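Step one of this worksheet: look at the structure below.
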Amino acid sequence: MLKAIAVIAIVLAVGIAAVLVFALTKPDTLRVERALAVKAPATAIYPLVADFHRWTAWSPYETRDPAMKRTFGGTAAGKGATYAWDGNNNVGAGHMEILEANGPSKLRIKLDFERPFEGHNTAEFTFVPQGDATLVTWAMYGPAPFLSKVMQVFINMDGMIGKDFEAGLAGLKKLTEKQ
């Protein structure tokens, strides 16, 4: 019996060590990006992103907790606007601040997560005219600390976050395209 427990402990230790070593091979940064062509001018799309009050109309994160607490501060929209949220385990807690607002072409946001995991990233939206459409790109990037690398061993972060970005871009498309 004692021998079996020792074998199990050694196998577990080797397995954990393997995961930790594999995590070290993951990139030091995380970047997730999605883009979608929207048949609307950038001037119609940009205000929906530059004003945090309007995110409830298109952001997939806004519907995951109907009781989520939201706090808005700074300017009403654009550079200096802030938004904090505190919700259930589906949305966690954190805050954002618009650092750069070059309407209607680019918006850069400082994005800090407090829970369920701490994270400090940059979110960026770009709006590039393409004929009668605008290519809207939503990106998030930042450092990947060791805990993030361990998570990446088990979770495809690009796939998980990317599907949310795709849903958000589809929401912007639905709100701004003329049918």
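How things are named: the first chain in the structure tokens is A, the next is B, and so on; residues count from 1 in each chain; ligands count from 1 in the order shown.
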
Surrounding residues of region 39-51 of chain A excluding itself and chain neighbours under 5 positions, 9 Å, only C-alpha atoms, as a PyMOL selection string: chain A and resi 57-58+76-79+81+98+101+103-107+125-129+131-136+172-173+175-178

Based on the backbone DSSP call, show me all residues of region 97-152 of chain A assigned strand (DSSP E or B), as an mmCIF file with N, CA, C and O atoms, in the first residue's frame.
data_model
loop_
_atom_site.group_PDB
_atom_site.id
_atom_site.type_symbol
_atom_site.label_atom_id
_atom_site.label_comp_id
_atom_site.auth_asym_id
_atom_site.auth_seq_id
_atom_site.Cartn_x
_atom_site.Cartn_y
_atom_site.Cartn_z
ATOM 1 N N GLU A 97 -9.801 52.385 -18.792
ATOM 2 C CA GLU A 97 -9.663 53.824 -19.030
ATOM 3 C C GLU A 97 -9.208 54.038 -20.465
ATOM 4 O O GLU A 97 -8.252 53.406 -20.927
ATOM 5 N N ILE A 98 -9.895 54.938 -21.157
ATOM 6 C CA ILE A 98 -9.503 55.256 -22.533
ATOM 7 C C ILE A 98 -8.277 56.166 -22.473
ATOM 8 O O ILE A 98 -8.339 57.272 -21.934
ATOM 9 N N LEU A 99 -7.179 55.666 -23.013
ATOM 10 C CA LEU A 99 -5.915 56.411 -23.006
ATOM 11 C C LEU A 99 -5.693 57.204 -24.283
ATOM 12 O O LEU A 99 -5.010 58.225 -24.269
ATOM 13 N N GLU A 100 -6.231 56.711 -25.386
ATOM 14 C CA GLU A 100 -6.038 57.358 -26.678
ATOM 15 C C GLU A 100 -7.336 57.261 -27.457
ATOM 16 O O GLU A 100 -7.924 56.189 -27.563
ATOM 17 N N ALA A 101 -7.778 58.392 -27.958
ATOM 18 C CA ALA A 101 -9.026 58.434 -28.720
ATOM 19 C C ALA A 101 -8.798 59.277 -29.967
ATOM 20 O O ALA A 101 -8.949 60.497 -29.941
ATOM 21 N N ASN A 102 -8.398 58.622 -31.032
ATOM 22 C CA ASN A 102 -8.167 59.290 -32.309
ATOM 23 C C ASN A 102 -9.332 58.974 -33.240
ATOM 24 O O ASN A 102 -9.208 58.189 -34.171
ATOM 25 N N LYS A 106 -8.941 55.213 -34.251
ATOM 26 C CA LYS A 106 -8.279 54.350 -33.273
ATOM 27 C C LYS A 106 -8.693 54.722 -31.851
ATOM 28 O O LYS A 106 -8.884 55.891 -31.531
ATOM 29 N N LEU A 107 -8.783 53.682 -31.027
ATOM 30 C CA LEU A 107 -9.103 53.858 -29.614
ATOM 31 C C LEU A 107 -8.227 52.886 -28.841
ATOM 32 O O LEU A 107 -8.177 51.699 -29.168
ATOM 33 N N ARG A 108 -7.499 53.378 -27.826
ATOM 34 C CA ARG A 108 -6.649 52.511 -27.010
ATOM 35 C C ARG A 108 -7.099 52.607 -25.557
ATOM 36 O O ARG A 108 -7.294 53.703 -25.027
ATOM 37 N N ILE A 109 -7.265 51.447 -24.923
ATOM 38 C CA ILE A 109 -7.842 51.363 -23.585
ATOM 39 C C ILE A 109 -6.912 50.602 -22.656
ATOM 40 O O ILE A 109 -6.431 49.517 -22.997
ATOM 41 N N LYS A 110 -6.677 51.162 -21.472
ATOM 42 C CA LYS A 110 -5.973 50.442 -20.406
ATOM 43 C C LYS A 110 -7.003 49.542 -19.746
ATOM 44 O O LYS A 110 -8.053 50.014 -19.298
ATOM 45 N N LEU A 111 -6.723 48.249 -19.692
ATOM 46 C CA LEU A 111 -7.677 47.257 -19.212
ATOM 47 C C LEU A 111 -7.048 46.483 -18.065
ATOM 48 O O LEU A 111 -6.044 45.790 -18.250
ATOM 49 N N ASP A 112 -7.628 46.613 -16.884
ATOM 50 C CA ASP A 112 -7.106 45.931 -15.703
ATOM 51 C C ASP A 112 -8.171 45.021 -15.119
ATOM 52 O O ASP A 112 -9.281 45.469 -14.811
ATOM 53 N N PHE A 113 -7.828 43.745 -14.994
ATOM 54 C CA PHE A 113 -8.710 42.764 -14.377
ATOM 55 C C PHE A 113 -8.275 42.573 -12.925
ATOM 56 O O PHE A 113 -7.082 42.462 -12.651
ATOM 57 N N GLU A 114 -9.248 42.518 -12.023
ATOM 58 C CA GLU A 114 -8.946 42.289 -10.616
ATOM 59 C C GLU A 114 -9.283 40.856 -10.209
ATOM 60 O O GLU A 114 -8.584 40.250 -9.413
ATOM 61 N N ARG A 115 -10.385 40.340 -10.742
ATOM 62 C CA ARG A 115 -10.754 38.954 -10.484
ATOM 63 C C ARG A 115 -11.557 38.442 -11.668
ATOM 64 O O ARG A 115 -12.130 39.243 -12.391
ATOM 65 N N GLY A 119 -4.902 40.840 -14.098
ATOM 66 C CA GLY A 119 -4.311 40.978 -15.417
ATOM 67 C C GLY A 119 -4.275 42.439 -15.827
ATOM 68 O O GLY A 119 -5.160 43.215 -15.461
ATOM 69 N N HIS A 120 -3.237 42.805 -16.543
ATOM 70 C CA HIS A 120 -3.067 44.192 -16.990
ATOM 71 C C HIS A 120 -2.765 44.158 -18.483
ATOM 72 O O HIS A 120 -1.719 43.663 -18.900
ATOM 73 N N ASN A 121 -3.706 44.659 -19.267
ATOM 74 C CA ASN A 121 -3.607 44.576 -20.715
ATOM 75 C C ASN A 121 -3.963 45.906 -21.368
ATOM 76 O O ASN A 121 -4.424 46.830 -20.709
ATOM 77 N N THR A 122 -3.800 45.927 -22.656
ATOM 78 C CA THR A 122 -4.243 47.040 -23.479
ATOM 79 C C THR A 122 -5.267 46.479 -24.464
ATOM 80 O O THR A 122 -5.041 45.427 -25.064
ATOM 81 N N ALA A 123 -6.378 47.171 -24.586
ATOM 82 C CA ALA A 123 -7.369 46.835 -25.610
ATOM 83 C C ALA A 123 -7.281 47.935 -26.657
ATOM 84 O O ALA A 123 -7.087 49.107 -26.327
ATOM 85 N N GLU A 124 -7.405 47.544 -27.906
ATOM 86 C CA GLU A 124 -7.280 48.517 -28.987
ATOM 87 C C GLU A 124 -8.318 48.234 -30.056
ATOM 88 O O GLU A 124 -8.526 47.080 -30.440
ATOM 89 N N PHE A 125 -8.977 49.281 -30.491
ATOM 90 C CA PHE A 125 -9.930 49.205 -31.590
ATOM 91 C C PHE A 125 -9.407 50.090 -32.706
ATOM 92 O O PHE A 125 -9.037 51.240 -32.467
ATOM 93 N N THR A 126 -9.385 49.555 -33.914
ATOM 94 C CA THR A 126 -9.029 50.364 -35.072
ATOM 95 C C THR A 126 -10.153 50.284 -36.086
ATOM 96 O O THR A 126 -10.858 49.269 -36.186
ATOM 97 N N PHE A 127 -10.319 51.358 -36.829
ATOM 98 C CA PHE A 127 -11.404 51.499 -37.795
ATOM 99 C C PHE A 127 -10.780 51.975 -39.108
ATOM 100 O O PHE A 127 -10.360 53.117 -39.214
ATOM 101 N N VAL A 128 -10.724 51.072 -40.100
ATOM 102 C CA VAL A 128 -10.057 51.377 -41.365
ATOM 103 C C VAL A 128 -11.087 51.326 -42.488
ATOM 104 O O VAL A 128 -11.674 50.263 -42.746
ATOM 105 N N PRO A 129 -11.320 52.468 -43.175
ATOM 106 C CA PRO A 129 -12.264 52.471 -44.293
ATOM 107 C C PRO A 129 -11.803 51.525 -45.403
ATOM 108 O O PRO A 129 -10.616 51.467 -45.731
ATOM 109 N N GLN A 130 -12.780 50.780 -45.951
ATOM 110 C CA GLN A 130 -12.525 49.884 -47.085
ATOM 111 C C GLN A 130 -13.718 49.972 -48.022
ATOM 112 O O GLN A 130 -14.673 49.210 -47.891
ATOM 113 N N ALA A 133 -17.319 50.023 -46.643
ATOM 114 C CA ALA A 133 -17.294 49.361 -45.337
ATOM 115 C C ALA A 133 -16.147 49.903 -44.492
ATOM 116 O O ALA A 133 -15.321 50.685 -44.965
ATOM 117 N N THR A 134 -16.127 49.479 -43.256
ATOM 118 C CA THR A 134 -15.044 49.807 -42.333
ATOM 119 C C THR A 134 -14.548 48.492 -41.738
ATOM 120 O O THR A 134 -15.346 47.703 -41.233
ATOM 121 N N LEU A 135 -13.244 48.267 -41.796
ATOM 122 C CA LEU A 135 -12.669 47.101 -41.144
ATOM 123 C C LEU A 135 -12.447 47.473 -39.678
ATOM 124 O O LEU A 135 -11.634 48.342 -39.356
ATOM 125 N N VAL A 136 -13.210 46.832 -38.795
ATOM 126 C CA VAL A 136 -13.106 47.088 -37.361
ATOM 127 C C VAL A 136 -12.275 45.961 -36.755
ATOM 128 O O VAL A 136 -12.604 44.792 -36.917
ATOM 129 N N THR A 137 -11.204 46.328 -36.075
ATOM 130 C CA THR A 137 -10.340 45.349 -35.429
ATOM 131 C C THR A 137 -10.356 45.587 -33.932
ATOM 132 O O THR A 137 -10.193 46.719 -33.474
ATOM 133 N N TRP A 138 -10.568 44.506 -33.181
ATOM 134 C CA TRP A 138 -10.553 44.542 -31.715
ATOM 135 C C TRP A 138 -9.398 43.657 -31.275
ATOM 136 O O TRP A 138 -9.357 42.470 -31.583
ATOM 137 N N ALA A 139 -8.442 44.249 -30.586
ATOM 138 C CA ALA A 139 -7.275 43.507 -30.121
ATOM 139 C C ALA A 139 -7.086 43.728 -28.629
ATOM 140 O O ALA A 139 -7.484 44.761 -28.079
ATOM 141 N N MET A 140 -6.499 42.733 -27.989
ATOM 142 C CA MET A 140 -6.095 42.862 -26.591
ATOM 143 C C MET A 140 -4.708 42.251 -26.482
ATOM 144 O O MET A 140 -4.455 41.164 -27.015
ATOM 145 N N TYR A 141 -3.809 42.966 -25.814
ATOM 146 C CA TYR A 141 -2.454 42.449 -25.669
ATOM 147 C C TYR A 141 -1.866 42.902 -24.349
ATOM 148 O O TYR A 141 -2.307 43.883 -23.750
ATOM 149 N N GLY A 142 -0.892 42.136 -23.898
ATOM 150 C CA GLY A 142 -0.230 42.462 -22.649
ATOM 151 C C GLY A 142 0.695 41.352 -22.226
ATOM 152 O O GLY A 142 0.842 40.330 -22.913
ATOM 153 N N PRO A 143 1.315 41.536 -21.068
ATOM 154 C CA PRO A 143 2.254 40.528 -20.582
ATOM 155 C C PRO A 143 1.528 39.251 -20.173
ATOM 156 O O PRO A 143 0.367 39.286 -19.777
#

Interatomic distance, CA of Leu36 (chain A) to CA of Leu169 (chain A) (Å, one decimal):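 CA of Leu169 (chain A) lies 6.5 Å from CA of Leu36 (chain A).
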
Among the residues A:Ile161, A:Ala13, A:Ala144, A:Met68, the one that comes closest to Asp86 (chain A) [using only C-alpha atoms]: A:Met68

Best match for closeness to Gly159 (chain A) among A:Glu33, A:Pro66, A:Trp85, A:Phe52, counting only C-alpha atoms: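 Result for the nearest residue to Gly159 (chain A): A:Glu33.
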
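Note that the spacing between CA of Pro60 (chain A) and CA of Asn90 (chain A) amounts to 11.1 Å.
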
Atom pair CA of Phe72 (chain A) / CA of Ala84 (chain A): separation (Å):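 If I compute the distance from CA of Phe72 (chain A) to CA of Ala84 (chain A), I get 6.5 Å.
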
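When only C-alpha atoms are used to compute distances to Pro116 (chain A), the closest of the residues A:Thr75, A:Thr56, A:Asn89, A:Thr82 turns out to be A:Asn89.
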